[in-house]
file structure-v2.cif (mmCIF, C-alpha atoms)
data_upload
loop_
_atom_site.label_atom_id
_atom_site.label_comp_id
_atom_site.auth_asym_id
_atom_site.auth_seq_id
_atom_site.Cartn_x
_atom_site.Cartn_y
_atom_site.Cartn_z
CA MET A 1 14.25 -12.50 -4.19
CA ASN A 2 13.09 -11.35 -7.57
CA LYS A 3 12.42 -7.63 -7.23
CA SER A 4 10.54 -6.42 -10.24
CA ILE A 5 8.89 -3.04 -10.62
CA GLY A 6 7.18 -3.78 -13.90
CA TRP A 7 3.82 -3.41 -12.16
CA LEU A 8 4.60 0.17 -11.05
CA PRO A 9 3.66 2.28 -14.11
CA ALA A 10 0.34 0.53 -14.50
CA ALA A 11 -0.33 0.81 -10.77
CA LEU A 12 0.40 4.54 -10.84
CA LEU A 13 -1.88 4.96 -13.86
CA GLN A 14 -4.54 3.06 -11.99
CA LEU A 15 -4.17 5.25 -8.91
CA ALA A 16 -4.39 8.34 -11.08
CA GLY A 17 -7.75 7.04 -12.26
CA CYS A 18 -6.63 6.41 -15.82
CA SER A 19 -7.66 3.51 -17.93
CA THR A 20 -6.23 2.59 -21.27
CA THR A 21 -9.02 0.48 -22.69
CA TYR A 22 -12.39 1.87 -21.66
CA GLU A 23 -14.02 5.10 -20.64
CA TRP A 24 -15.24 4.22 -17.17
CA GLY A 25 -16.81 7.56 -16.29
CA ALA A 26 -19.88 7.18 -14.07
CA TYR A 27 -19.45 3.41 -13.95
CA GLU A 28 -16.16 3.61 -12.05
CA PRO A 29 -17.63 4.61 -8.65
CA VAL A 30 -20.31 1.95 -9.20
CA VAL A 31 -17.66 -0.72 -9.64
CA LEU A 32 -15.42 0.46 -6.81
CA ARG A 33 -18.21 0.71 -4.25
CA PRO A 34 -17.66 -1.59 -1.26
CA THR A 35 -20.98 -3.39 -1.68
CA ALA A 36 -23.90 -3.57 -4.10
CA ARG A 37 -26.30 -3.08 -1.22
CA THR A 38 -25.67 0.67 -1.34
CA ALA A 39 -27.04 0.94 -4.89
CA LEU A 40 -28.24 4.43 -5.71
CA GLY A 41 -31.13 3.26 -7.91
CA ARG A 42 -32.84 5.64 -10.32
CA ASP A 43 -30.35 8.46 -10.06
CA GLU A 44 -27.42 6.20 -10.87
CA ARG A 45 -29.38 4.48 -13.61
CA ALA A 46 -30.15 7.77 -15.36
CA ARG A 47 -26.58 9.02 -15.18
CA LEU A 48 -25.02 5.78 -16.33
CA GLY A 49 -27.61 5.27 -19.06
CA ALA A 50 -27.12 8.78 -20.46
CA GLN A 51 -23.37 8.29 -20.56
CA ILE A 52 -23.61 4.97 -22.37
CA VAL A 53 -26.04 6.43 -24.94
CA GLN A 54 -23.62 9.29 -25.51
CA ALA A 55 -20.70 6.88 -25.94
CA ARG A 56 -22.70 4.86 -28.45
CA GLU A 57 -23.46 7.93 -30.52
CA LYS A 58 -19.92 9.26 -30.52
CA ARG A 59 -17.70 6.22 -30.86
CA ARG A 60 -19.98 3.35 -31.81
CA GLY A 61 -19.79 1.99 -28.30
CA ARG A 62 -16.19 0.83 -28.46
CA THR A 63 -15.29 2.40 -25.13
CA ILE A 64 -18.24 1.25 -23.02
CA PRO A 65 -16.70 -0.86 -20.22
CA PRO A 66 -17.86 -4.47 -19.83
CA GLY A 67 -20.76 -4.85 -17.46
CA ALA A 68 -21.98 -1.25 -17.56
CA GLN A 69 -25.00 -1.98 -19.75
CA ALA A 70 -25.79 -5.14 -17.80
CA HIS A 71 -25.63 -3.08 -14.60
CA VAL A 72 -28.20 -0.61 -15.96
CA GLY A 73 -30.39 -3.49 -17.07
CA TRP A 74 -30.13 -5.05 -13.62
CA LEU A 75 -31.15 -1.73 -12.02
CA TYR A 76 -34.25 -1.63 -14.25
CA LEU A 77 -35.00 -5.18 -13.23
CA GLN A 78 -34.92 -4.13 -9.57
CA THR A 79 -37.83 -1.73 -10.18
CA GLY A 80 -39.70 -4.21 -12.34
CA GLU A 81 -39.38 -2.31 -15.64
CA LYS A 82 -38.85 -5.45 -17.66
CA GLY A 83 -39.01 -3.95 -21.16
CA GLU A 84 -36.21 -1.47 -20.46
CA ALA A 85 -34.23 -4.13 -18.60
CA ARG A 86 -34.43 -6.46 -21.58
CA ARG A 87 -33.29 -3.70 -23.94
CA TRP A 88 -30.17 -2.95 -21.87
CA LEU A 89 -29.32 -6.59 -21.31
CA GLU A 90 -29.60 -7.38 -25.01
CA ALA A 91 -27.30 -4.42 -25.70
CA GLU A 92 -24.73 -5.88 -23.31
CA LYS A 93 -24.94 -9.23 -25.04
CA GLN A 94 -24.40 -7.55 -28.38
CA SER A 95 -21.35 -5.58 -27.19
CA PHE A 96 -19.84 -8.51 -25.29
CA PRO A 97 -20.97 -11.98 -26.44
CA GLU A 98 -19.19 -13.44 -23.38
CA SER A 99 -21.93 -11.95 -21.21
CA ALA A 100 -24.50 -14.41 -22.61
CA GLY A 101 -24.47 -16.59 -19.49
CA LEU A 102 -25.22 -13.73 -17.12
CA VAL A 103 -27.67 -11.98 -19.43
CA ASP A 104 -29.70 -15.13 -20.00
CA LYS A 105 -29.82 -15.70 -16.27
CA LEU A 106 -31.05 -12.16 -15.68
CA LEU A 107 -33.54 -12.41 -18.56
CA GLU A 108 -35.14 -15.40 -16.85
CA GLY A 109 -36.42 -12.85 -14.37
CA CYS A 110 -37.90 -10.79 -17.21
CA LYS A 111 -40.49 -13.32 -18.19
CA MET R 1 -0.70 15.68 1.81
CA ARG R 2 2.96 15.69 2.57
CA ALA R 3 2.77 12.58 4.69
CA ALA R 4 0.72 10.65 2.16
CA GLY R 5 3.06 11.48 -0.69
CA THR R 6 6.42 10.94 0.92
CA THR R 7 5.61 7.93 3.03
CA LEU R 8 3.74 5.97 0.41
CA VAL R 9 6.29 6.59 -2.30
CA CYS R 10 9.53 6.47 -0.35
CA SER R 11 8.98 3.86 2.31
CA LEU R 12 7.06 1.38 0.22
CA VAL R 13 8.99 -1.79 -0.15
CA PHE R 14 7.47 -4.52 -2.21
CA VAL R 15 8.99 -7.91 -1.96
CA SER R 16 8.25 -10.13 -4.87
CA CYS R 17 7.10 -13.57 -4.08
CA GLY R 18 10.30 -15.06 -5.39
CA CYS R 19 8.51 -17.49 -7.63
CA ALA R 20 10.15 -20.12 -9.75
CA ALA R 21 11.56 -18.95 -13.06
CA SER R 22 9.20 -21.01 -15.18
CA TYR R 23 5.48 -21.29 -14.81
CA ASP R 24 3.34 -24.04 -16.21
CA TRP R 25 0.98 -22.35 -18.67
CA ARG R 26 -0.34 -25.62 -20.09
CA ALA R 27 -3.82 -25.38 -18.55
CA PHE R 28 -4.10 -21.70 -19.45
CA VAL R 29 -3.21 -22.02 -23.12
CA GLU R 30 -5.41 -25.09 -23.52
CA SER R 31 -8.51 -23.11 -22.56
CA PRO R 32 -7.73 -19.39 -22.39
CA PRO R 33 -10.68 -17.76 -20.59
CA LYS R 34 -12.63 -14.92 -22.17
CA SER R 35 -14.90 -14.07 -19.29
CA ILE R 36 -14.03 -13.98 -15.60
CA LEU R 37 -16.26 -13.94 -12.57
CA VAL R 38 -14.57 -12.36 -9.56
CA LEU R 39 -15.46 -14.07 -6.31
CA PRO R 40 -15.51 -12.14 -3.04
CA VAL R 41 -12.26 -12.08 -1.09
CA LEU R 42 -12.05 -14.77 1.53
CA SER R 43 -9.86 -14.69 4.57
CA THR R 44 -8.09 -17.72 5.92
CA VAL R 45 -7.24 -15.86 9.11
CA GLY R 46 -9.72 -14.69 11.72
CA PRO R 47 -11.37 -11.28 11.55
CA SER R 48 -8.39 -9.33 12.83
CA GLU R 49 -8.21 -5.56 12.86
CA LEU R 50 -6.21 -5.75 9.67
CA THR R 51 -8.77 -7.94 7.97
CA ARG R 52 -11.48 -5.45 8.90
CA ALA R 53 -9.38 -2.61 7.56
CA VAL R 54 -8.91 -4.39 4.28
CA TRP R 55 -12.56 -5.31 4.00
CA THR R 56 -13.80 -1.79 4.56
CA HIS R 57 -11.48 -0.54 1.85
CA ASN R 58 -13.10 2.01 -0.43
CA PRO R 59 -10.76 3.48 -3.05
CA VAL R 60 -13.19 6.26 -3.99
CA ARG R 61 -13.52 7.52 -0.45
CA GLU R 62 -9.82 7.04 0.08
CA ARG R 63 -8.98 9.26 -2.84
CA GLN R 64 -11.25 11.99 -1.46
CA ARG R 65 -9.56 12.08 1.91
CA GLU R 66 -5.97 11.27 1.13
CA GLY R 67 -5.03 14.57 2.77
CA ASN R 68 -5.28 13.02 6.23
CA TRP R 69 -4.97 9.33 5.56
CA TYR R 70 -3.26 8.56 8.84
CA LYS R 71 -6.15 9.87 10.93
CA THR R 72 -8.74 7.60 9.36
CA LYS R 73 -10.04 4.83 11.55
CA VAL R 74 -12.33 1.94 10.83
CA ALA R 75 -15.69 3.41 11.71
CA GLY R 76 -19.27 3.57 10.55
CA PRO R 77 -21.40 0.63 9.50
CA PRO R 78 -20.13 -2.94 9.84
CA ALA R 79 -17.60 -4.02 7.27
CA PRO R 80 -19.19 -4.58 3.88
CA GLY R 81 -16.63 -7.32 3.89
CA ARG R 82 -15.23 -9.44 1.25
CA TRP R 83 -16.97 -7.73 -1.65
CA ALA R 84 -15.08 -4.47 -1.13
CA PRO R 85 -11.89 -5.40 -3.06
CA VAL R 86 -13.88 -7.02 -5.88
CA GLY R 87 -14.40 -3.68 -7.62
CA VAL R 88 -10.69 -3.03 -7.91
CA LEU R 89 -10.16 -6.47 -9.40
CA THR R 90 -13.11 -6.05 -11.75
CA LYS R 91 -11.80 -2.82 -13.18
CA GLN R 92 -8.25 -4.09 -13.44
CA LEU R 93 -9.22 -7.32 -15.19
CA ALA R 94 -11.50 -5.47 -17.61
CA ASP R 95 -8.68 -3.14 -18.55
CA ARG R 96 -6.55 -6.21 -19.06
CA GLY R 97 -8.93 -7.29 -21.80
CA TYR R 98 -11.26 -9.76 -20.12
CA TYR R 99 -15.03 -9.66 -19.99
CA VAL R 100 -15.60 -9.33 -16.27
CA TYR R 101 -19.02 -10.08 -14.86
CA PRO R 102 -20.51 -6.90 -13.38
CA ARG R 103 -20.02 -7.07 -9.66
CA ALA R 104 -23.33 -5.68 -8.38
CA PRO R 105 -25.65 -8.10 -10.22
CA VAL R 106 -23.30 -10.97 -9.39
CA GLU R 107 -23.23 -10.05 -5.70
CA ASP R 108 -27.01 -9.92 -5.68
CA MET R 109 -27.55 -13.14 -7.62
CA LEU R 110 -24.86 -15.07 -5.77
CA ALA R 111 -26.51 -14.21 -2.45
CA LYS R 112 -29.86 -15.46 -3.78
CA SER R 113 -28.41 -18.62 -5.33
CA ARG R 114 -26.95 -19.79 -1.99
CA LEU R 115 -24.08 -21.48 -3.79
CA PRO R 116 -21.21 -22.33 -1.44
CA LEU R 117 -18.11 -20.18 -1.82
CA PRO R 118 -14.71 -21.89 -1.87
CA ALA R 119 -13.33 -22.46 1.59
CA ASP R 120 -9.64 -22.43 0.67
CA SER R 121 -7.42 -22.17 -2.36
CA LYS R 122 -7.56 -25.92 -2.99
CA ASP R 123 -11.35 -25.90 -3.24
CA LEU R 124 -11.43 -25.53 -7.03
CA ALA R 125 -14.74 -27.39 -7.34
CA SER R 126 -16.82 -24.74 -5.54
CA ALA R 127 -15.33 -21.95 -7.64
CA ALA R 128 -15.95 -23.89 -10.84
CA ALA R 129 -19.55 -24.53 -9.77
CA VAL R 130 -20.14 -20.78 -9.37
CA ALA R 131 -18.53 -20.09 -12.77
CA ARG R 132 -20.78 -22.70 -14.41
CA HIS R 133 -23.86 -21.32 -12.66
CA PHE R 134 -23.27 -17.93 -14.28
CA GLY R 135 -21.90 -19.26 -17.56
CA ALA R 136 -18.46 -17.71 -17.06
CA ASP R 137 -15.29 -19.25 -18.52
CA ALA R 138 -13.40 -18.86 -15.25
CA ALA R 139 -13.74 -17.68 -11.67
CA LEU R 140 -11.08 -15.75 -9.76
CA MET R 141 -10.65 -16.70 -6.11
CA THR R 142 -8.78 -14.32 -3.86
CA PHE R 143 -7.63 -15.19 -0.36
CA LEU R 144 -6.28 -12.93 2.31
CA HIS R 145 -3.81 -15.24 4.03
CA GLN R 146 -2.09 -13.13 6.56
CA GLY R 147 -1.79 -9.60 7.67
CA SER R 148 0.64 -8.47 10.28
CA THR R 149 1.87 -5.28 11.83
CA SER R 150 5.06 -5.14 13.82
CA LYS R 151 6.50 -2.18 15.68
CA ASP R 152 10.03 -1.43 16.72
CA LYS R 153 11.65 1.69 18.12
CA ASP R 154 12.24 3.23 14.69
CA GLY R 155 8.90 2.63 13.07
CA ILE R 156 6.22 0.18 12.04
CA GLU R 157 5.92 -2.42 9.38
CA SER R 158 2.77 -3.95 7.90
CA LYS R 159 2.40 -6.86 5.56
CA VAL R 160 -0.49 -8.34 3.61
CA GLU R 161 -0.25 -11.73 1.92
CA ILE R 162 -2.67 -12.61 -0.82
CA GLU R 163 -3.29 -15.65 -2.96
CA MET R 164 -5.16 -15.43 -6.26
CA VAL R 165 -6.28 -18.50 -8.19
CA LEU R 166 -8.03 -18.47 -11.56
CA VAL R 167 -10.20 -21.57 -11.93
CA SER R 168 -11.78 -22.66 -15.20
CA ALA R 169 -15.44 -23.69 -15.36
CA ALA R 170 -14.19 -27.25 -15.79
CA GLY R 171 -12.40 -27.03 -12.45
CA ALA R 172 -8.79 -26.68 -13.62
CA LYS R 173 -6.34 -24.23 -12.11
CA LEU R 174 -5.45 -21.84 -14.95
CA TRP R 175 -3.25 -19.37 -13.14
CA ASP R 176 -2.25 -18.39 -9.63
CA ALA R 177 -0.18 -15.76 -7.88
CA LYS R 178 0.84 -14.94 -4.34
CA PRO R 179 1.52 -11.21 -4.19
CA VAL R 180 2.70 -9.58 -0.99
CA GLY R 181 2.19 -5.95 -0.02
CA ASP R 182 4.72 -4.63 2.46
CA GLU R 183 5.15 -1.17 3.87
CA ARG R 184 7.45 0.38 6.43
CA THR R 185 6.96 3.81 7.96
CA ASP R 186 9.70 5.32 10.11
CA LEU R 187 9.10 7.47 13.15
CA PRO R 188 10.04 11.13 12.70
CA THR R 189 13.70 11.52 13.59
CA PHE R 190 15.53 14.56 14.93
CA TRP R 191 17.30 15.31 11.65
CA GLY R 192 14.16 14.58 9.67
CA THR R 193 12.40 17.24 11.71
CA ILE R 194 15.25 19.72 11.22
CA ALA R 195 15.04 19.15 7.48
CA TRP R 196 11.55 20.66 7.44
CA ILE R 197 12.81 24.08 8.65
CA PRO R 198 13.95 25.51 5.27
CA GLY R 199 10.90 24.15 3.48
CA GLY R 200 8.54 25.60 6.04
CA ALA R 201 10.34 28.95 5.99
CA GLY R 202 10.19 29.15 2.19
CA ALA R 203 6.54 28.23 2.01
CA GLY R 204 5.67 30.68 4.77
CA PHE R 205 7.59 33.45 3.00
CA VAL R 206 5.75 32.94 -0.28
CA ILE R 207 2.33 32.76 1.39
CA GLY R 208 3.15 35.87 3.44
CA VAL R 209 4.11 37.88 0.34
CA TRP R 210 1.03 36.67 -1.48
CA LEU R 211 -1.27 37.68 1.38
CA GLY R 212 0.58 40.98 1.79
CA MET R 213 -0.06 41.90 -1.84
CA ALA R 214 -3.77 42.11 -1.05
CA GLY R 215 -2.95 45.20 1.03
CA GLY R 216 -3.44 47.52 -1.98
CA PRO R 217 -1.86 50.93 -1.47
CA ALA R 218 -0.47 49.77 1.88
CA ALA R 219 1.39 46.90 0.18
CA ILE R 220 4.70 48.60 0.88
CA VAL R 221 4.08 47.78 4.53
CA THR R 222 1.95 44.62 4.37
CA VAL R 223 4.23 42.66 1.99
CA PRO R 224 7.38 42.80 4.16
CA VAL R 225 5.36 42.22 7.32
CA GLY R 226 3.56 39.26 5.73
CA ALA R 227 6.86 37.86 4.47
CA ALA R 228 8.48 38.12 7.90
CA VAL R 229 5.53 36.62 9.77
CA GLY R 230 5.16 33.83 7.19
CA LEU R 231 8.85 33.00 7.39
CA VAL R 232 8.82 32.63 11.16
CA VAL R 233 5.51 30.75 11.33
CA GLY R 234 6.56 28.33 8.59
CA MET R 235 10.02 27.81 10.05
CA VAL R 236 8.67 26.89 13.47
CA GLY R 237 5.34 25.38 12.45
CA MET R 238 6.26 22.88 9.75
CA PRO R 239 8.74 20.85 11.82
CA ILE R 240 6.28 20.76 14.72
CA VAL R 241 3.44 19.61 12.51
CA TYR R 242 5.66 16.98 10.89
CA ASN R 243 6.87 15.68 14.22
CA THR R 244 3.54 15.53 16.07
CA GLU R 245 1.62 14.10 13.14
CA GLY R 246 4.22 11.44 12.51
CA LYS R 247 4.26 10.41 16.16
CA GLU R 248 0.49 10.43 16.35
CA ALA R 249 0.25 8.03 13.45
CA HIS R 250 2.41 5.59 15.40
CA THR R 251 1.33 6.00 18.98
CA VAL R 252 -2.34 6.97 18.83
CA HIS R 253 -3.39 4.41 16.24
CA GLY R 254 -0.87 1.77 17.28
CA GLY R 255 0.21 0.99 13.75
CA HIS R 256 -0.61 1.87 10.21
CA ALA R 257 -3.97 3.48 9.67
CA SER R 258 -6.65 1.33 8.11
CA ASP R 259 -6.43 3.06 4.76
CA VAL R 260 -2.72 2.37 4.51
CA ARG R 261 -3.22 -1.28 5.28
CA SER R 262 -6.03 -1.63 2.82
CA TRP R 263 -3.89 0.24 0.32
CA LEU R 264 -1.36 -2.54 0.84
CA MET R 265 -3.90 -5.07 -0.21
CA TYR R 266 -4.93 -2.93 -3.14
CA SER R 267 -1.36 -2.63 -4.38
CA ALA R 268 -0.69 -6.31 -3.76
CA LEU R 269 -3.73 -7.19 -5.87
CA LEU R 270 -2.53 -4.92 -8.66
CA LYS R 271 0.91 -6.42 -8.46
CA GLY R 272 -0.50 -9.92 -8.69
CA LEU R 273 -2.29 -9.13 -11.93
CA GLN R 274 0.43 -7.10 -13.60
CA PRO R 275 2.25 -8.64 -16.53
CA ASP R 276 5.39 -10.04 -15.07
CA GLU R 277 7.94 -11.94 -17.06
CA HIS R 278 6.61 -15.24 -15.85
CA ARG R 279 3.66 -14.83 -13.56
CA GLY R 280 1.31 -11.98 -14.41
CA LEU R 281 -2.12 -12.77 -15.79
CA PRO R 282 -1.81 -12.75 -19.62
CA PRO R 283 -3.91 -10.13 -21.46
CA GLY R 284 -7.45 -11.13 -22.37
CA PRO R 285 -9.30 -11.21 -25.71
CA TYR R 286 -10.13 -7.48 -25.75
CA HIS R 287 -6.49 -6.51 -25.22
CA PRO R 288 -4.36 -5.67 -28.30
CA ASP R 289 -1.52 -7.95 -27.08
CA HIS R 290 -3.77 -10.95 -26.55
CA ALA R 291 -2.85 -13.01 -29.63
CA ASP R 292 0.89 -12.34 -29.42
CA GLU R 293 1.08 -13.15 -25.74
CA LEU R 294 -0.93 -16.32 -26.10
CA ALA R 295 1.33 -17.47 -28.95
CA ARG R 296 4.38 -16.78 -26.80
CA LEU R 297 2.93 -18.81 -23.94
CA ARG R 298 2.06 -21.67 -26.30
CA ARG R 299 5.68 -21.80 -27.40
CA SER R 300 6.83 -21.88 -23.76
CA VAL R 301 4.73 -24.95 -23.02
CA PRO R 302 6.72 -28.10 -23.74
CA SER R 303 5.00 -30.27 -26.33
CA LYS R 304 3.40 -33.47 -25.14
CA PRO R 305 5.68 -36.53 -25.27
#

call {"tool": "encode", "arguments": {"input": "structure-v2.cif", "output": "structure tokens"}}
result
Amino acid sequence: MNKSIGWLPAALLQLAGCSTTYEWGAYEPVVLRPTARTALGRDERARLGAQIVQAREKRRGRTIPPGAQAHVGWLYLQTGEKGEARRWLEAEKQSFPESAGLVDKLLEGCK
Amino acid sequence: MRAAGTTLVCSLVFVSCGCAASYDWRAFVESPPKSILVLPVLSTVGPSELTRAVWTHNPVRERQREGNWYKTKVAGPPAPGRWAPVGVLTKQLADRGYYVYPRAPVEDMLAKSRLPLPADSKDLASAAAVARHFGADAALMTFLHQGSTSKDKDGIESKVEIEMVLVSAAGAKLWDAKPVGDERTDLPTFWGTIAWIPGGAGAGFVIGVWLGMAGGPAAIVTVPVGAAVGLVVGMVGMPIVYNTEGKEAHTVHGGHASDVRSWLMYSALLKGLQPDEHRGLPPGPYHPDHADELARLRRSVPSKP
């Protein structure tokens, strides 16, 4: 048996709610929620959006976690606000080029 | 609070999967993925109580009520199911430097697309099809293979076995791991109960003095009285609370509480992803160690004959 505890410090950090790479902030409870069906809609959208805008202003968006902007865009898409949705989805694509596949798929619904 | 802290830290025993010393990184270094789509957790065992406990796992809620973790039962609406652990994986993979597809839009779109989800860990084609549908480089399949709880006269033991497979969009297996989460909790023993007497007495004394100080001019009376009452109450109360709560966790709920068992899965998932000498998932493109680690893995792959 190979007993290694190399995972422990990172696991403890994780349990303490710390993250080394991104500032998760309001996006963390969104990610950790058991299911997307309990989406909070407008309230969540406003909070998350404000936080991302703030992060952009302060640190040029380096600490926005992947998927946060796409999530906001998706929430706008749910209420049919296609212009706003497009703006957020394009922002995600700019921050993370890897998101192109998902963003393009979501943008199909924008037309 | 006490129970959560001591039991989770002291009695947690993680048994590594005892994997082979070398791992074949050939497929991984040939096409290192940049983006990962996390598929919902699938169970290869029936919907047991343990499976339900794992599926209703909610780390946010768990953190809010960790004070009485052992009293929590599976209750409320039907299990949100296999999407519950996806959030933990999403966050962990993102912090490991990968672009992870946001889970809520993916959950929504996957339900609408009606694409079949992989049935078992050998079904790489279905996972690759989902990855291609969303334009992701790779898809992560997670399977809950087995969960068991066994009781003996000294305590209970629970185990969760997980298999994680990272499949490229082309259908190749890039990486896999089989982490196991294992926890043992012992019943309160006679000497364990006795050991709580000094702690309870000390805590009671301090609280008694603190309350007594609010007596103002009468503090000369209220402080000693508070100290004496606190000492006695703490000395008697703490061992009783420890004993009854510990027994309740075993007898009333017939095993580990749902949150503990889902915590097992949570920690097993974390363990599976952690950088291990041979088996952890290598850091992704947004991680500072990405290039170095990839170069190291490339060197470890024997060159083609």

call {"tool": "atom_distance", "arguments": {"input": "structure-v2.cif", "atom1": "atom CA of R:Val38", "atom2": "atom CA of R:Tyr99"}}
result
10.8 Å

call {"tool": "closest_residue", "arguments": {"input": "structure-v2.cif", "among": "A:Glu81, A:Pro34, A:Trp88, A:Ala26", "to": "chain R", "atoms": "only C-alpha atoms"}}
result
A:Pro34

call {"tool": "resolve_selection", "arguments": {"input": "structure-v2.cif", "expression": "the PyMOL selection byres ((chain R and resi 88) around 9)", "output": "list in words"}}
result
Val31 and Leu32 of chain A; Pro59, Ala84, Pro85, Val86, Gly87, Leu89, Thr90, Lys91, Gln92, Leu93, Tyr266, Leu269 and Leu270 of chain R

call {"tool": "residues_around", "arguments": {"input": "structure-v2.cif", "residues": "stretch 99-101 of chain A", "least_positions_apart": "3", "cutoff": "8 Å", "atoms": "all atoms listed in the file", "output": "PyMOL selection string"}}
result
(chain A and resi 92-93+96+104-105) or (chain R and resi 35+99+101+134-136)

call {"tool": "closest_residue", "arguments": {"input": "structure-v2.cif", "among": "A:Leu48, A:Ala91, A:Val30, A:Ala55", "to": "chain R", "atoms": "all atoms listed in the file"}}
result
A:Val30

call {"tool": "atom_distance", "arguments": {"input": "structure-v2.cif", "atom1": "atom CA of R:Ala128", "atom2": "atom CA of R:Leu37"}}
result
10.1 Å

call {"tool": "closest_residue", "arguments": {"input": "structure-v2.cif", "among": "A:Leu77, A:Leu107, A:Ala85, A:Ala70", "to": "chain R", "atoms": "only C-alpha atoms"}}
result
A:Ala70

call {"tool": "resolve_selection", "arguments": {"input": "structure-v2.cif", "expression": "the PyMOL selection byres ((chain A and resi 78) around 12)", "output": "number ranges by chain"}}
result
A: 39-42, 45, 71-77, 79-82, 84-85, 106, 109-110; R: 104-105, 108-109

call {"tool": "resolve_selection", "arguments": {"input": "structure-v2.cif", "expression": "the PyMOL selection byres ((chain A and resi 25) around 10)", "output": "list in words"}}
result
Gly17, Tyr22, Glu23, Trp24, Ala26, Tyr27, Glu28, Pro29, Val30, Arg47, Leu48, Gln51, Ile52, Ile64 and Pro65 of chain A

call {"tool": "closest_residue", "arguments": {"input": "structure-v2.cif", "among": "A:Ala50, A:Val103, A:Glu108, A:Gly83", "to": "R:Val106", "atoms": "all atoms listed in the file"}}
result
A:Val103
